[in-house]
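Heads up, target-v7.tsv below (TSV, C-alpha atoms):
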chain	number	residue	atom	x	y	z
A	8	MET	CA	5.42	-17.03	-40.06
A	9	ALA	CA	2.34	-14.82	-39.59
A	10	SER	CA	1.03	-12.89	-42.57
A	11	THR	CA	1.77	-9.20	-42.96
A	12	GLN	CA	-1.90	-8.39	-42.38
A	13	GLN	CA	-1.91	-10.27	-39.07
A	14	LEU	CA	1.30	-8.57	-38.00
A	15	LYS	CA	-0.17	-5.15	-38.84
A	16	ARG	CA	-3.16	-5.85	-36.62
A	17	ARG	CA	-0.93	-7.03	-33.76
A	18	ILE	CA	1.29	-3.95	-34.04
A	19	GLY	CA	-1.77	-1.67	-33.99
A	20	SER	CA	-3.18	-3.49	-30.95
A	21	VAL	CA	0.07	-3.18	-29.01
A	22	LYS	CA	0.35	0.51	-29.93
A	23	ASN	CA	-3.13	1.12	-28.52
A	24	THR	CA	-2.15	-0.67	-25.32
A	25	LYS	CA	1.02	1.41	-25.10
A	26	GLN	CA	-1.00	4.62	-25.34
A	27	ILE	CA	-3.21	3.47	-22.46
A	28	THR	CA	-0.32	2.45	-20.20
A	29	LYS	CA	1.54	5.69	-21.00
A	30	ALA	CA	-1.52	7.74	-20.06
A	31	MET	CA	-1.93	5.76	-16.83
A	32	GLU	CA	1.75	6.29	-16.04
A	33	LEU	CA	1.39	10.07	-16.41
A	34	VAL	CA	-1.76	10.15	-14.29
A	35	ALA	CA	-0.10	8.06	-11.57
A	36	ALA	CA	2.97	10.32	-11.65
A	37	SER	CA	0.80	13.40	-11.14
A	38	LYS	CA	-1.09	11.81	-8.26
A	39	MET	CA	2.14	10.49	-6.78
A	40	ARG	CA	3.66	13.97	-6.54
A	41	LYS	CA	0.66	15.30	-4.65
A	42	ALA	CA	0.43	12.25	-2.38
A	43	THR	CA	4.16	12.37	-1.64
A	44	GLU	CA	3.94	16.02	-0.63
A	45	ALA	CA	1.03	15.24	1.69
A	46	ALA	CA	2.92	12.33	3.27
A	47	GLN	CA	6.05	14.42	3.79
A	48	ARG	CA	4.08	17.22	5.42
A	49	GLY	CA	2.53	14.79	7.89
A	50	ARG	CA	5.73	13.06	8.99
A	51	ALA	CA	6.80	15.79	11.38
A	52	TYR	CA	3.36	15.75	12.99
A	53	ARG	CA	3.47	11.95	13.27
A	54	GLU	CA	6.90	12.04	14.89
A	55	ALA	CA	5.74	14.72	17.33
A	56	ALA	CA	2.74	12.56	18.27
A	57	HIS	CA	5.01	9.55	18.74
A	58	SER	CA	7.33	11.58	20.95
A	59	MET	CA	4.46	13.02	22.98
A	60	LEU	CA	3.02	9.58	23.76
A	61	SER	CA	6.42	8.28	24.84
A	62	ARG	CA	7.10	11.32	27.03
A	63	LEU	CA	3.68	11.24	28.66
A	64	ALA	CA	4.16	7.56	29.40
A	65	ALA	CA	7.45	8.33	31.11
A	66	VAL	CA	6.07	10.77	33.69
A	67	THR	CA	3.11	8.88	35.09
A	68	GLU	CA	1.87	5.44	36.01
A	69	ILE	CA	0.00	4.42	32.89
A	70	ASN	CA	-0.43	0.71	33.44
A	71	GLU	CA	-3.98	1.24	34.68
A	72	HIS	CA	-5.03	3.27	31.66
A	73	PRO	CA	-7.12	1.02	29.36
A	74	LEU	CA	-5.19	1.99	26.23
A	75	TYR	CA	-1.74	1.55	27.78
A	76	CYS	CA	-2.06	-1.60	29.86
A	77	LYS	CA	-0.32	-4.68	28.51
A	78	ARG	CA	-2.06	-8.05	28.53
A	79	THR	CA	-1.19	-11.58	27.59
A	80	ILE	CA	-1.86	-11.81	23.87
A	81	LYS	CA	-4.66	-14.22	23.09
A	82	HIS	CA	-6.42	-12.17	20.43
A	83	ARG	CA	-4.55	-9.95	17.99
A	84	LEU	CA	-6.13	-7.42	15.65
A	85	TYR	CA	-4.43	-6.53	12.38
A	86	VAL	CA	-5.27	-3.24	10.68
A	87	VAL	CA	-4.20	-3.75	7.07
A	88	ILE	CA	-4.01	-1.01	4.44
A	89	THR	CA	-4.35	-2.15	0.82
A	90	SER	CA	-5.61	-0.47	-2.35
A	91	ASP	CA	-9.02	-0.22	-3.95
A	92	ARG	CA	-7.60	-0.66	-7.46
A	93	GLY	CA	-5.12	-2.98	-9.12
A	94	LEU	CA	-2.29	-2.41	-11.60
A	95	ALA	CA	0.00	-1.29	-8.77
A	96	GLY	CA	2.74	-3.86	-9.09
A	97	ALA	CA	3.66	-5.61	-5.85
A	98	TYR	CA	1.96	-3.04	-3.61
A	99	ASN	CA	-0.83	-5.33	-2.37
A	100	ALA	CA	1.25	-8.50	-2.65
A	101	ASN	CA	3.86	-7.25	-0.17
A	102	ILE	CA	1.27	-6.39	2.48
A	103	ILE	CA	-0.70	-9.62	1.96
A	104	LYS	CA	2.48	-11.66	2.19
A	105	MET	CA	3.31	-10.01	5.53
A	106	LEU	CA	-0.24	-10.59	6.77
A	107	THR	CA	-0.34	-14.28	5.84
A	108	SER	CA	3.02	-14.83	7.50
A	109	SER	CA	1.79	-13.20	10.72
A	110	VAL	CA	-1.49	-15.13	10.71
A	111	ARG	CA	0.43	-18.37	10.21
A	112	GLU	CA	2.63	-17.52	13.19
A	113	ASP	CA	-0.47	-16.75	15.29
A	114	ARG	CA	-1.90	-20.16	14.48
A	115	ARG	CA	1.33	-21.78	15.57
A	116	THR	CA	1.24	-19.94	18.93
A	117	SER	CA	-2.56	-20.40	19.41
A	118	VAL	CA	-3.33	-16.69	19.06
A	119	LYS	CA	-6.66	-15.84	17.44
A	120	SER	CA	-6.29	-13.41	14.53
A	121	GLN	CA	-8.79	-10.71	13.70
A	122	ILE	CA	-8.46	-8.36	10.74
A	123	LEU	CA	-9.73	-4.88	9.96
A	124	ILE	CA	-9.04	-4.25	6.29
A	125	LEU	CA	-8.77	-1.00	4.36
A	126	GLY	CA	-9.10	-1.40	0.60
A	127	LYS	CA	-11.11	-3.62	-1.74
A	128	ARG	CA	-8.13	-5.70	-2.86
A	129	GLY	CA	-7.38	-6.86	0.65
A	130	ALA	CA	-11.04	-7.65	1.30
A	131	GLN	CA	-11.19	-9.78	-1.83
A	132	PHE	CA	-8.17	-11.75	-0.66
A	133	LEU	CA	-9.51	-12.29	2.86
A	134	ARG	CA	-12.68	-13.90	1.54
A	135	ARG	CA	-10.53	-16.87	0.54
A	136	ILE	CA	-8.87	-17.32	3.95
A	137	GLU	CA	-10.45	-19.61	6.52
A	138	SER	CA	-10.32	-19.35	10.32
A	139	VAL	CA	-9.66	-15.59	10.21
A	140	GLU	CA	-12.26	-13.21	11.59
A	141	LEU	CA	-12.90	-10.13	9.45
A	142	VAL	CA	-13.94	-7.39	11.87
A	143	ALA	CA	-14.69	-4.69	9.31
A	144	ALA	CA	-13.77	-3.55	5.81
A	145	TYR	CA	-13.43	0.06	4.64
A	146	SER	CA	-12.85	1.36	1.12
A	147	ASP	CA	-13.04	4.39	-1.16
A	148	PHE	CA	-10.90	6.78	0.88
A	149	GLY	CA	-9.66	8.63	-2.17
A	150	ASP	CA	-6.32	10.40	-2.36
A	151	HIS	CA	-7.08	12.91	0.40
A	152	PRO	CA	-8.43	11.13	3.51
A	153	THR	CA	-9.72	13.32	6.32
A	154	ALA	CA	-10.12	12.92	10.06
A	155	ASN	CA	-13.77	12.04	9.50
A	156	ASP	CA	-12.67	9.11	7.31
A	157	ILE	CA	-10.25	7.86	9.96
A	158	ARG	CA	-12.49	8.28	13.00
A	159	PRO	CA	-14.77	5.23	12.48
A	160	ILE	CA	-11.71	3.02	12.14
A	161	LEU	CA	-10.12	4.43	15.27
A	162	ASP	CA	-13.36	4.10	17.24
A	163	THR	CA	-13.59	0.42	16.29
A	164	ILE	CA	-9.98	-0.25	17.27
A	165	VAL	CA	-10.23	1.57	20.60
A	166	GLU	CA	-13.54	-0.09	21.51
A	167	LEU	CA	-12.17	-3.56	20.83
A	168	TYR	CA	-9.11	-2.86	22.97
A	169	ARG	CA	-10.96	-1.16	25.81
A	170	THR	CA	-13.42	-4.06	26.11
A	171	GLU	CA	-10.50	-6.54	26.03
A	172	LYS	CA	-11.78	-8.29	22.92
A	173	VAL	CA	-8.27	-7.92	21.50
A	174	ASP	CA	-4.98	-7.79	23.37
A	175	GLU	CA	-2.82	-6.15	20.72
A	176	VAL	CA	-3.41	-4.07	17.60
A	177	ARG	CA	-0.86	-4.07	14.79
A	178	LEU	CA	-0.91	-1.81	11.75
A	179	PHE	CA	0.36	-3.05	8.37
A	180	TYR	CA	1.07	-0.35	5.81
A	181	THR	CA	3.55	0.60	3.08
A	182	GLU	CA	5.97	3.42	3.82
A	183	HIS	CA	7.05	5.66	0.95
A	184	LYS	CA	10.84	5.79	1.09
A	185	SER	CA	11.34	7.26	-2.38
A	186	ASN	CA	9.75	7.19	-5.82
A	187	ILE	CA	11.38	3.82	-6.54
A	188	LEU	CA	11.50	2.33	-3.04
A	189	GLN	CA	8.53	1.45	-0.84
A	190	GLU	CA	8.65	-0.82	2.19
A	191	ALA	CA	5.89	-2.84	3.84
A	192	LEU	CA	6.03	-2.21	7.60
A	193	SER	CA	4.36	-3.49	10.76
A	194	LEU	CA	3.65	-1.08	13.64
A	195	SER	CA	2.17	-1.87	17.04
A	196	ILE	CA	-0.33	0.88	17.93
A	197	LEU	CA	-2.08	-0.68	20.95
A	198	PRO	CA	-1.17	-0.92	23.74
A	199	ALA	CA	-0.08	2.69	23.23
A	200	LEU	CA	3.53	2.23	24.25
A	201	PHE	CA	5.78	3.26	21.41
A	202	GLU	CA	9.41	2.32	21.10
A	203	GLY	CA	11.99	4.84	22.10
A	204	GLU	CA	12.43	7.06	25.09
A	205	ALA	CA	12.37	10.79	25.43
A	206	SER	CA	15.75	12.46	25.81
A	207	GLU	CA	16.62	14.47	28.88
A	208	GLU	CA	16.39	17.66	26.84
A	209	THR	CA	12.73	16.98	26.08
A	210	SER	CA	11.79	15.39	29.39
A	211	LEU	CA	8.42	16.37	30.90
A	212	ASN	CA	9.43	15.70	34.49
A	213	GLU	CA	9.55	19.41	35.27
A	214	VAL	CA	6.38	20.28	33.37
A	215	THR	CA	3.18	21.12	35.22
A	216	PHE	CA	0.03	19.63	33.72
A	217	GLU	CA	-3.39	21.15	34.12
A	218	PRO	CA	-5.64	19.67	35.31
A	219	SER	CA	-3.47	16.48	35.57
A	220	VAL	CA	-1.31	14.11	33.54
A	221	GLU	CA	-4.04	11.45	33.71
A	222	GLU	CA	-6.67	13.72	32.20
A	223	VAL	CA	-4.23	14.90	29.55
A	224	LEU	CA	-3.57	11.27	28.66
A	225	GLU	CA	-7.27	10.53	28.44
A	226	ASN	CA	-7.92	13.48	26.14
A	227	VAL	CA	-4.95	13.27	23.79
A	228	THR	CA	-4.15	9.56	23.50
A	229	GLU	CA	-6.85	8.78	20.97
A	230	ARG	CA	-6.00	11.91	19.00
A	231	LEU	CA	-2.34	10.93	18.84
A	232	LEU	CA	-3.27	7.40	17.79
A	233	GLU	CA	-5.39	8.92	15.05
A	234	VAL	CA	-2.32	10.77	13.80
A	235	GLN	CA	-0.38	7.50	13.55
A	236	LEU	CA	-3.17	5.86	11.57
A	237	TRP	CA	-3.73	8.88	9.32
A	238	GLN	CA	-0.03	9.16	8.46
A	239	ALA	CA	0.16	5.44	7.66
A	240	LEU	CA	-2.72	5.90	5.23
A	241	LEU	CA	-0.99	8.87	3.56
A	242	GLU	CA	2.24	6.88	3.23
A	243	SER	CA	0.31	3.97	1.71
A	244	ILE	CA	-1.45	6.19	-0.83
A	245	ALA	CA	1.87	7.71	-1.94
A	246	SER	CA	3.40	4.23	-2.19
A	247	GLU	CA	0.46	2.94	-4.23
A	248	HIS	CA	0.77	5.72	-6.82
A	249	SER	CA	4.55	5.27	-6.99
A	250	MET	CA	4.23	1.54	-7.59
A	251	ARG	CA	1.48	2.07	-10.17
A	252	MET	CA	3.62	4.62	-12.00
A	253	LEU	CA	6.57	2.20	-12.13
A	254	SER	CA	4.31	-0.67	-13.16
A	255	MET	CA	2.80	1.33	-16.01
A	256	LYS	CA	6.25	2.54	-17.09
A	257	ASN	CA	7.45	-1.06	-17.27
A	258	ALA	CA	4.34	-1.99	-19.25
A	259	THR	CA	4.98	0.86	-21.68
A	260	ASP	CA	8.62	-0.16	-22.11
A	261	ASN	CA	7.57	-3.77	-22.73
A	262	ALA	CA	5.03	-2.61	-25.31
A	263	ILE	CA	7.76	-0.67	-27.13
A	264	ASP	CA	9.97	-3.77	-27.19
A	265	ILE	CA	7.11	-5.87	-28.55
A	266	ILE	CA	6.35	-3.28	-31.24
A	267	ASN	CA	10.01	-3.27	-32.31
A	268	ASP	CA	10.07	-7.07	-32.52
A	269	LEU	CA	6.80	-7.20	-34.45
A	270	THR	CA	7.98	-4.45	-36.81
A	271	LEU	CA	11.15	-6.42	-37.54
A	272	GLU	CA	9.07	-9.55	-38.15
A	273	PHE	CA	6.71	-7.55	-40.38
A	274	ASN	CA	9.58	-6.16	-42.46
A	275	THR	CA	11.06	-9.65	-42.79
A	276	ALA	CA	7.73	-11.09	-43.90
A	277	ARG	CA	7.18	-8.24	-46.38
A	278	GLN	CA	10.67	-8.66	-47.80
A	279	ALA	CA	10.12	-12.39	-48.16
A	280	LYS	CA	6.84	-11.75	-49.98
A	281	ILE	CA	8.48	-9.24	-52.34
A	282	THR	CA	11.33	-11.67	-53.03
A	283	GLN	CA	8.84	-14.44	-53.79
A	284	GLU	CA	6.89	-12.21	-56.20
A	285	LEU	CA	10.09	-11.18	-58.02
A	286	ALA	CA	11.08	-14.82	-58.31
A	287	GLU	CA	7.67	-15.69	-59.79
A	288	ILE	CA	7.87	-12.80	-62.28
A	289	THR	CA	11.36	-13.81	-63.34
A	290	GLY	CA	10.33	-17.43	-63.65
A	291	GLY	CA	7.33	-16.50	-65.78
A	292	ALA	CA	9.46	-14.34	-68.08
A	293	GLU	CA	11.97	-17.15	-68.56
A	294	ALA	CA	9.18	-19.57	-69.37
A	295	MET	CA	7.86	-17.32	-72.17
A	296	LYS	CA	11.17	-17.17	-74.00

Give the structure from the file, written as structure tokens.
Amino acid sequence: MASTQQLKRRIGSVKNTKQITKAMELVAASKMRKATEAAQRGRAYREAAHSMLSRLAAVTEINEHPLYCKRTIKHRLYVVITSDRGLAGAYNANIIKMLTSSVREDRRTSVKSQILILGKRGAQFLRRIESVELVAAYSDFGDHPTANDIRPILDTIVELYRTEKVDEVRLFYTEHKSNILQEALSLSILPALFEGEASEETSLNEVTFEPSVEEVLENVTERLLEVQLWQALLESIASEHSMRMLSMKNATDNAIDIINDLTLEFNTARQAKITQELAEITGGAEAMK
């Protein structure tokens, strides 16, 4: 059994750790609320952009447009959103697991994988993977990314697709379902044909476009793709803070359990020491009689 002095030091060390994890939990909770509000505000805009792309695609021949045409997939680009910092539970692990599974499937089907990574944690992981081409790595977006932050990423994606260096672009991100539920998702963003069809109530067949549908497509497609990417980043930031808050809460709870166990062990050791001293005193008194 450890001495009472050793147990005191261990209890003090765990208490200091608990104070740190509790502070990190509160900070993450504050950031999570703001990030969740930003993600929720952007969802309606993202859905409108999704609907607009689908409806525009339904009223014109888009197969010849460079961002809409489908090709046989020989090269696939993955845009992967991870975090810059750790201590976020399974946030990065879920995305990386999805990525490795997809890359493994590409190898099986002889598709060359290319990766554009967002976040330092993902970049660190990719350095250990062979036969995967890292196109670019971006980091330090902060909690409030802007259109200027997204634009270089979008330009890279669009250029690779327009020049036929990649035949499909998939986006991996974490969607914020609730404060305790986040889900890693895969979304195909190029070719720009999103799932779902416009309803008859929102059909654009009777709408007149000026100057033409083709020019409208050319001008708004990249902007609408930017909305998809921006919203995915907002969802990922909210999910990261949620997972970090839960991770720090679990760490704080574990620290409390350890403190309780060590306190019980300390009290037991102290009681045993007191009992031993009383026995020695009694034995000494009996010996002097």

Original post:
Could you work out how far CA of Lys256 in chain A lies from CA of Leu33 in chain A, giving the answer in Å with one decimal?
Top reply: 9.0 Å

**OP:** Could you check which of A:Lys104, A:Arg230, A:Arg158, A:Lys119 is closest to Val173 in chain A, using all atoms listed in the file?
**Re:** A:Lys119

Do you have, as a tab-separated table, the list of residues of range 101-158 of chain A lying at most 12 Å from range 45-57 of chain A, each with its nearest atom pair and that distance in Å to one decimal, counting only C-alpha atoms and ordered by chain then number?
residue	atom	partner	partner_atom	distance
A:Asp150	CA	A:Ala45	CA	9.7
A:His151	CA	A:Ala45	CA	8.5
A:Pro152	CA	A:Ala45	CA	10.5
A:Thr153	CA	A:Ala45	CA	11.9

**OP:** Just give me the gap between CA of Asp264 in chain A and CA of Ala95 in chain A in Å, one decimal is fine.
**Re:**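 So the two atoms, CA of Asp264 in chain A and CA of Ala95 in chain A, lie 21.1 Å apart.
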
**OP:** Mind checking which residues fall within 10 Å of Phe148 in chain A, counting all atoms listed in the file, ignoring those fewer than 6 positions away in the same chain, and posting them as a PyMOL selection string?
**Re:** chain A and resi 90-91+125-126+156-157+240+244
